[in-house]
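Colleague: Got a structure here, written out as structure tokens. Questions coming.
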Amino acid sequence: MKISSWQLLILLFLSRIFITITYFTLEDVSPSVMMSTTAFSVAADMILVIPAIILYKKYPNENVIRSAFEISKSFGIVLFVLYFIFAIFMIFRTVRFFLYFFENAFLNLLPTLVVGAMLIAAAAYVGHLGIEAAARSSSIVFVAFLLLIIAVIATTAEDFDLNNYYTEPVGTNDILNGVVHGISRSSEMVVLVLLLPYLKNGIGKSVYGFLILKLLFVEMIALLCILFLGGYMAAVPFPFFTVCGFAKAPFVERLDAAFLVVWTLMGVIKLSLYTISLRPSAVLLKPLNNNAVTNLVPFVLGGVPALYFAYKEQMIIPLLDNEITACAVLLLGSLVPLAVLILRRLKHEKN
């Protein structure tokens, strides 16, 4: 089963923008500084993704784990375990984020446990169907997301106030913090190095197209919230959702209901990618070459603890969700693929 470069681009984009349209920052940063540092964050991503691009061009039918098996079986097993743990961790993190938003934005609408269980079940089902089902679904969700953005802009534009926009000096620490937080939200870099065997061709178009699209939409959504909300933006945890609540459209009384539908579908796709990405590598490990193991186990080990955290006072853990996640993404999304390329080259020269 193969997907096109455009399908991969949309999958990565929806997975990333899922965090942005929720847009609750885990650090105390003004909107103008955030907009300035986003560009530096994307520039860092463009550099860090280079090993994945080289890996695909040299070994188009392999990913980082398959290439590691060509070096050493034990090395390949160690990497599979690391990426398996990462998938569990990201499912845990993503479900927590989803339930944090739902519990605060739709208080007493439905039991949090039920909502979380339904999200996990839907994502596990898409993961069971595989990459083609996720890619086809993503096209529909992408169109729905574009329609939502257009509707929000069209129905709120008359209330934009250019005086709300301002700039601030951006220091070195601001840039470094922005890059760290940007990387922590870029788990797609890790998913990418695992999804490579699914790609037909055109990895450069997929990756850099995704990064440019991400930059444009992150900046546009942030600017939209600033122009509409102004100083009120700092007082709400979910600025874009708040804007949707004020938007009035002929076909629906409030766009925040449409936001919930689109955002939930994005969450399902994002979660399913973590288990789908494990499948090309699992075929090399006979005991794990089972859909129930690669698909259900990560959701059980990651999703159930997230449901438990939904009833805790502190659902967001800044150190875990920023610095530790950034280190994991940097290691598994860039440094490990680079190390595999170097070791594969050394083995080739030795032979």
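Convention: chains lettered A, B, ... in structure tokens order; per-chain residue numbering from 1; ligands numbered from 1 as shown.
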Please list as a PDB file with all heavy atoms, in the first residue's frame every residue within 10 Å of A:Tyr308, counting only C-alpha atoms and excluding residues in the same chain fewer than 6 positions away.
Modeller:
```pdb
ATOM      1  N   ARG A  96      -4.622  13.307  26.354  1.00  0.00           N
ATOM      2  CA  ARG A  96      -4.701  14.274  27.455  1.00  0.00           C
ATOM      3  C   ARG A  96      -5.047  15.654  26.935  1.00  0.00           C
ATOM      4  O   ARG A  96      -5.890  16.362  27.498  1.00  0.00           O
ATOM      5  CB  ARG A  96      -3.372  14.329  28.226  1.00  0.00           C
ATOM      6  CG  ARG A  96      -3.233  13.302  29.320  1.00  0.00           C
ATOM      7  CD  ARG A  96      -2.048  13.615  30.208  1.00  0.00           C
ATOM      8  NE  ARG A  96      -0.792  13.624  29.503  1.00  0.00           N
ATOM      9  CZ  ARG A  96      -0.046  14.696  29.321  1.00  0.00           C
ATOM     10  NH1 ARG A  96      -0.418  15.871  29.800  1.00  0.00           N
ATOM     11  NH2 ARG A  96       1.099  14.619  28.666  1.00  0.00           N
ATOM     12  N   LEU A 113     -14.769  10.455  30.427  1.00  0.00           N
ATOM     13  CA  LEU A 113     -14.317   9.083  30.193  1.00  0.00           C
ATOM     14  C   LEU A 113     -14.926   8.512  28.919  1.00  0.00           C
ATOM     15  O   LEU A 113     -14.239   7.858  28.124  1.00  0.00           O
ATOM     16  CB  LEU A 113     -14.686   8.205  31.391  1.00  0.00           C
ATOM     17  CG  LEU A 113     -14.240   6.741  31.326  1.00  0.00           C
ATOM     18  CD1 LEU A 113     -12.722   6.646  31.312  1.00  0.00           C
ATOM     19  CD2 LEU A 113     -14.816   5.958  32.500  1.00  0.00           C
ATOM     20  N   MET A 315      -3.795  18.303  34.230  1.00  0.00           N
ATOM     21  CA  MET A 315      -3.760  17.412  33.068  1.00  0.00           C
ATOM     22  C   MET A 315      -2.594  17.736  32.143  1.00  0.00           C
ATOM     23  O   MET A 315      -2.124  16.878  31.403  1.00  0.00           O
ATOM     24  CB  MET A 315      -5.077  17.510  32.296  1.00  0.00           C
ATOM     25  CG  MET A 315      -6.275  16.972  33.057  1.00  0.00           C
ATOM     26  SD  MET A 315      -7.817  17.235  32.157  1.00  0.00           S
ATOM     27  CE  MET A 315      -7.529  16.238  30.695  1.00  0.00           C
TER      28      MET A 315
END
```
Colleague: Determine, counting only C-alpha atoms, which protein, DNA and RNA residues have an atom within 6 Å of an atom of stretch 198-206 of chain A; residues of the same chain fewer than 2 positions away are not included. Present the result as a VMD selection string.
Modeller: chain A and resid 2 to 5 9 195 to 196 208 to 210
Colleague: Could you turn the residues from that selection into a file that holds C-alpha atoms, as a PDB file, in the first residue's frame?
Modeller:
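The result, written out as result_38.pdb:
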```
ATOM      1  CA  LYS A   2       1.461   3.323  -1.116  1.00  0.00           C
ATOM      2  CA  ILE A   3       0.294   6.917  -0.771  1.00  0.00           C
ATOM      3  CA  SER A   4       1.134   9.959  -2.873  1.00  0.00           C
ATOM      4  CA  SER A   5       3.285  12.860  -1.761  1.00  0.00           C
ATOM      5  CA  LEU A   9       1.614  16.197   3.118  1.00  0.00           C
ATOM      6  CA  LEU A 195       6.119   6.153   7.193  1.00  0.00           C
ATOM      7  CA  LEU A 196       8.751   6.312   4.427  1.00  0.00           C
ATOM      8  CA  TYR A 208       8.849  20.991   2.684  1.00  0.00           C
ATOM      9  CA  GLY A 209       5.316  21.527   1.408  1.00  0.00           C
ATOM     10  CA  PHE A 210       4.048  20.436   4.813  1.00  0.00           C
TER      11      PHE A 210
END
```
Colleague: Measuring between only C-alpha atoms, which one of A:Arg345, A:Lys214, A:Lys270, A:Lys286 shows the shortest distance to A:Met46?
Modeller: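 Distance minimum relative to A:Met46 lands on A:Lys214.
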Colleague: Give me the residues within 9 Å of stretch 101-110 of chain A as a PyMOL selection string, counting only C-alpha atoms and dropping any in the same chain fewer than 5 places off.
Modeller: chain A and resi 22+24+96+115+237-238+241+260+310
Colleague: Can you pull out the residues contacting A:Met189? Cut-off 7 Å, using only C-alpha atoms, and skip same-chain residues under 4 positions away; I want them as an MDAnalysis selection string.
Modeller: chainID A and resid 49 193 329 333
Colleague: Just the selected residues (N, CA, C and O atoms), exported as an mmCIF file, in the first residue's frame, please.
Modeller:
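The new file part_24.cif reads:
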```cif
data_model
loop_
_atom_site.group_PDB
_atom_site.id
_atom_site.type_symbol
_atom_site.label_atom_id
_atom_site.label_comp_id
_atom_site.auth_asym_id
_atom_site.auth_seq_id
_atom_site.Cartn_x
_atom_site.Cartn_y
_atom_site.Cartn_z
ATOM 1 N N VAL A 49 14.951 17.734 9.363
ATOM 2 C CA VAL A 49 14.289 16.713 8.565
ATOM 3 C C VAL A 49 15.192 16.190 7.443
ATOM 4 O O VAL A 49 14.849 15.207 6.760
ATOM 5 N N VAL A 193 9.766 9.471 9.618
ATOM 6 C CA VAL A 193 10.857 8.522 9.373
ATOM 7 C C VAL A 193 10.376 7.076 9.444
ATOM 8 O O VAL A 193 11.084 6.167 8.986
ATOM 9 N N VAL A 329 11.633 14.081 20.185
ATOM 10 C CA VAL A 329 11.436 14.352 18.762
ATOM 11 C C VAL A 329 12.769 14.600 18.074
ATOM 12 O O VAL A 329 13.025 14.093 16.971
ATOM 13 N N GLY A 333 13.552 11.796 15.571
ATOM 14 C CA GLY A 333 13.192 12.339 14.270
ATOM 15 C C GLY A 333 14.363 12.777 13.428
ATOM 16 O O GLY A 333 14.243 12.879 12.202
#
```
Colleague: DSSP on the backbone: which residues in stretch 15-225 of chain A end up as alpha helix (DSSP H)? Give the answer as a short mmCIF file (atom, residue, chain, number, x, y, z; two decimals) with C-alpha atoms, in the first residue's frame.
Modeller:
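Result file is selection29.cif:
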```
data_model
loop_
_atom_site.label_atom_id
_atom_site.label_comp_id
_atom_site.auth_asym_id
_atom_site.auth_seq_id
_atom_site.Cartn_x
_atom_site.Cartn_y
_atom_site.Cartn_z
CA SER A 15 -1.65 16.02 12.59
CA ARG A 16 0.30 19.21 13.33
CA ILE A 17 -2.51 21.75 12.97
CA PHE A 18 -4.57 19.74 15.48
CA ILE A 19 -2.43 21.34 18.21
CA THR A 20 -2.44 24.82 16.67
CA PRO A 31 1.22 36.46 20.70
CA SER A 32 3.54 38.76 18.74
CA VAL A 33 6.65 36.98 20.06
CA MET A 34 5.07 33.62 19.28
CA MET A 35 4.45 34.69 15.68
CA SER A 36 8.06 35.85 15.32
CA THR A 37 9.60 32.67 16.76
CA THR A 38 7.40 30.33 14.70
CA ALA A 39 9.46 31.11 11.61
CA PHE A 40 12.66 30.14 13.44
CA SER A 41 11.00 26.95 14.61
CA VAL A 42 10.02 25.96 11.06
CA ALA A 43 13.53 26.81 9.83
CA ALA A 44 14.92 24.42 12.45
CA ASP A 45 12.49 21.72 11.28
CA MET A 46 13.69 22.17 7.70
CA ILE A 47 17.23 21.37 8.83
CA LEU A 48 16.34 18.54 11.21
CA ILE A 50 17.26 16.39 6.16
CA PRO A 51 18.36 12.92 7.45
CA ALA A 52 14.86 11.55 6.76
CA ILE A 53 14.97 12.89 3.20
CA ILE A 54 18.41 11.38 2.55
CA LEU A 55 17.31 8.08 4.08
CA TYR A 56 14.34 7.88 1.72
CA LYS A 57 16.39 8.77 -1.36
CA LYS A 58 19.02 6.14 -0.58
CA VAL A 64 14.85 4.09 9.98
CA ILE A 65 14.09 0.78 11.74
CA ARG A 66 14.35 -1.36 8.61
CA SER A 67 17.69 0.26 7.83
CA ALA A 68 18.82 -0.44 11.40
CA PHE A 69 18.01 -4.15 10.88
CA GLU A 70 20.34 -4.12 7.86
CA ILE A 71 23.12 -2.99 10.20
CA LYS A 73 19.26 -7.25 14.21
CA SER A 74 19.79 -6.25 17.84
CA PHE A 75 20.17 -2.60 16.81
CA GLY A 76 16.91 -2.83 14.87
CA ILE A 77 15.07 -4.37 17.84
CA VAL A 78 16.33 -1.62 20.18
CA LEU A 79 15.12 1.08 17.79
CA PHE A 80 11.74 -0.61 17.34
CA VAL A 81 11.27 -0.62 21.11
CA LEU A 82 12.21 3.08 21.33
CA TYR A 83 9.77 4.10 18.59
CA PHE A 84 7.09 1.85 20.09
CA ILE A 85 7.49 3.62 23.45
CA PHE A 86 7.35 6.98 21.66
CA ALA A 87 4.03 6.02 20.02
CA ILE A 88 2.61 5.08 23.43
CA PHE A 89 3.83 8.35 24.94
CA MET A 90 2.37 10.48 22.12
CA ILE A 91 -0.99 8.73 22.33
CA PHE A 92 -0.96 9.45 26.06
CA ARG A 93 -0.08 13.10 25.42
CA THR A 94 -2.56 13.63 22.57
CA VAL A 95 -5.52 12.11 24.42
CA ARG A 96 -4.70 14.27 27.46
CA PHE A 97 -4.64 17.40 25.30
CA PHE A 98 -7.94 16.43 23.68
CA LEU A 99 -9.67 15.78 27.00
CA TYR A 100 -8.21 18.94 28.55
CA PHE A 101 -9.80 20.97 25.78
CA PHE A 102 -13.10 19.08 25.84
CA GLU A 103 -13.48 19.24 29.60
CA ASN A 104 -12.86 23.00 29.70
CA ALA A 105 -14.67 24.04 26.51
CA THR A 112 -15.01 12.80 29.89
CA LEU A 113 -14.32 9.08 30.19
CA VAL A 114 -16.88 8.27 27.49
CA VAL A 115 -15.53 10.92 25.11
CA GLY A 116 -11.95 9.74 25.59
CA ALA A 117 -12.90 6.09 25.09
CA MET A 118 -14.81 6.93 21.88
CA LEU A 119 -11.85 8.91 20.53
CA ILE A 120 -9.44 6.04 21.24
CA ALA A 121 -11.81 3.48 19.69
CA ALA A 122 -12.24 5.55 16.51
CA ALA A 123 -8.48 6.08 16.17
CA ALA A 124 -7.80 2.38 16.76
CA TYR A 125 -10.30 1.50 14.03
CA VAL A 126 -8.67 3.87 11.52
CA GLY A 127 -5.29 2.45 12.53
CA HIS A 128 -6.62 -1.06 11.87
CA LEU A 129 -7.79 -0.04 8.38
CA ILE A 131 -2.58 4.08 5.74
CA GLU A 132 -4.88 4.21 2.71
CA ALA A 133 -7.99 4.69 4.84
CA ALA A 134 -6.25 7.39 6.88
CA ALA A 135 -5.06 9.15 3.71
CA ARG A 136 -8.51 9.15 2.11
CA SER A 137 -10.14 10.35 5.31
CA SER A 138 -7.55 13.11 5.66
CA SER A 139 -8.53 14.58 2.28
CA ILE A 140 -12.12 15.01 3.46
CA VAL A 141 -11.05 16.44 6.82
CA PHE A 142 -8.63 18.84 5.09
CA VAL A 143 -11.43 20.24 2.93
CA ALA A 144 -13.64 20.60 6.01
CA PHE A 145 -10.84 22.43 7.81
CA LEU A 146 -10.37 24.86 4.90
CA LEU A 147 -14.12 25.55 4.82
CA LEU A 148 -14.06 26.20 8.58
CA ILE A 149 -11.16 28.66 8.25
CA ILE A 150 -12.86 30.48 5.36
CA ALA A 151 -16.15 30.66 7.28
CA VAL A 152 -14.46 32.00 10.42
CA ILE A 153 -12.56 34.69 8.50
CA ALA A 154 -15.62 35.69 6.45
CA THR A 155 -17.88 36.02 9.50
CA THR A 156 -15.44 37.83 11.78
CA THR A 172 17.94 35.13 21.72
CA ASN A 173 16.20 33.39 24.60
CA ASP A 174 12.83 33.95 22.94
CA ILE A 175 14.10 32.33 19.74
CA LEU A 176 15.61 29.35 21.57
CA ASN A 177 12.45 28.81 23.61
CA GLY A 178 10.34 29.14 20.48
CA VAL A 179 12.43 26.51 18.67
CA VAL A 180 12.22 24.11 21.64
CA HIS A 181 8.45 24.49 21.94
CA GLY A 182 8.06 24.22 18.17
CA ILE A 183 10.00 20.95 18.08
CA SER A 184 7.95 19.61 21.01
CA GLU A 188 5.25 14.39 12.78
CA MET A 189 9.03 14.40 12.24
CA VAL A 190 9.21 11.06 14.06
CA VAL A 191 6.15 9.67 12.29
CA LEU A 192 7.71 10.67 8.96
CA VAL A 193 10.86 8.52 9.37
CA LEU A 194 8.61 5.51 10.03
CA LEU A 195 6.12 6.15 7.19
CA ILE A 203 9.51 13.23 -0.37
CA GLY A 204 10.87 16.76 -0.76
CA LYS A 205 7.51 17.98 -2.01
CA SER A 206 5.75 16.30 0.93
CA VAL A 207 8.07 17.44 3.70
CA TYR A 208 8.85 20.99 2.68
CA GLY A 209 5.32 21.53 1.41
CA PHE A 210 4.05 20.44 4.81
CA LEU A 211 6.45 22.76 6.65
CA ILE A 212 5.56 25.77 4.48
CA LEU A 213 1.85 25.06 4.81
CA LYS A 214 2.26 24.69 8.57
CA LEU A 215 4.06 28.03 8.80
CA LEU A 216 1.40 29.83 6.77
CA PHE A 217 -1.54 28.45 8.73
CA VAL A 218 0.03 28.81 12.18
CA GLU A 219 0.83 32.45 11.46
CA MET A 220 -2.60 33.06 9.90
CA ILE A 221 -4.50 31.52 12.83
CA ALA A 222 -2.43 33.45 15.36
CA LEU A 223 -2.96 36.71 13.45
CA LEU A 224 -6.69 36.02 13.17
CA CYS A 225 -6.94 35.56 16.94
#
```
Colleague: Neighbours of A:Tyr165 within 7 Å (only C-alpha atoms; same-chain residues fewer than 3 positions away dropped), as a list in words?
Modeller: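 Residues meeting the cut-off are Leu162, Ile226 and Leu227 of chain A.
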Colleague: Between atom CA of A:Ala157 and atom CA of A:Cys244, what distance in Å does the model show, to one decimal?
Modeller: 12.1 Å
Colleague: Which of these residues is nearest to A:Ser186, using only C-alpha atoms: A:Ala292, A:Leu330, A:Ile316, A:Val262?
Modeller: A:Leu330
Colleague: Atom CA of A:Asp161 and atom CA of A:Gly230 are how many Å apart?
Modeller: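 Distance between the two atoms: 7.8 Å.
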Colleague: Tell me, in Å to one decimal, how far atom CA of A:Pro60 is from atom CA of A:Leu8.
Modeller: 14.7 Å
Colleague: Compare A:Tyr274, A:Phe246, A:Tyr166, A:Phe259 by their minimum atom-to-atom distance to A:Gly231, counting only C-alpha atoms, and give me the closest one.
Modeller: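 Ranked by minimum distance to A:Gly231, first place goes to A:Tyr166.
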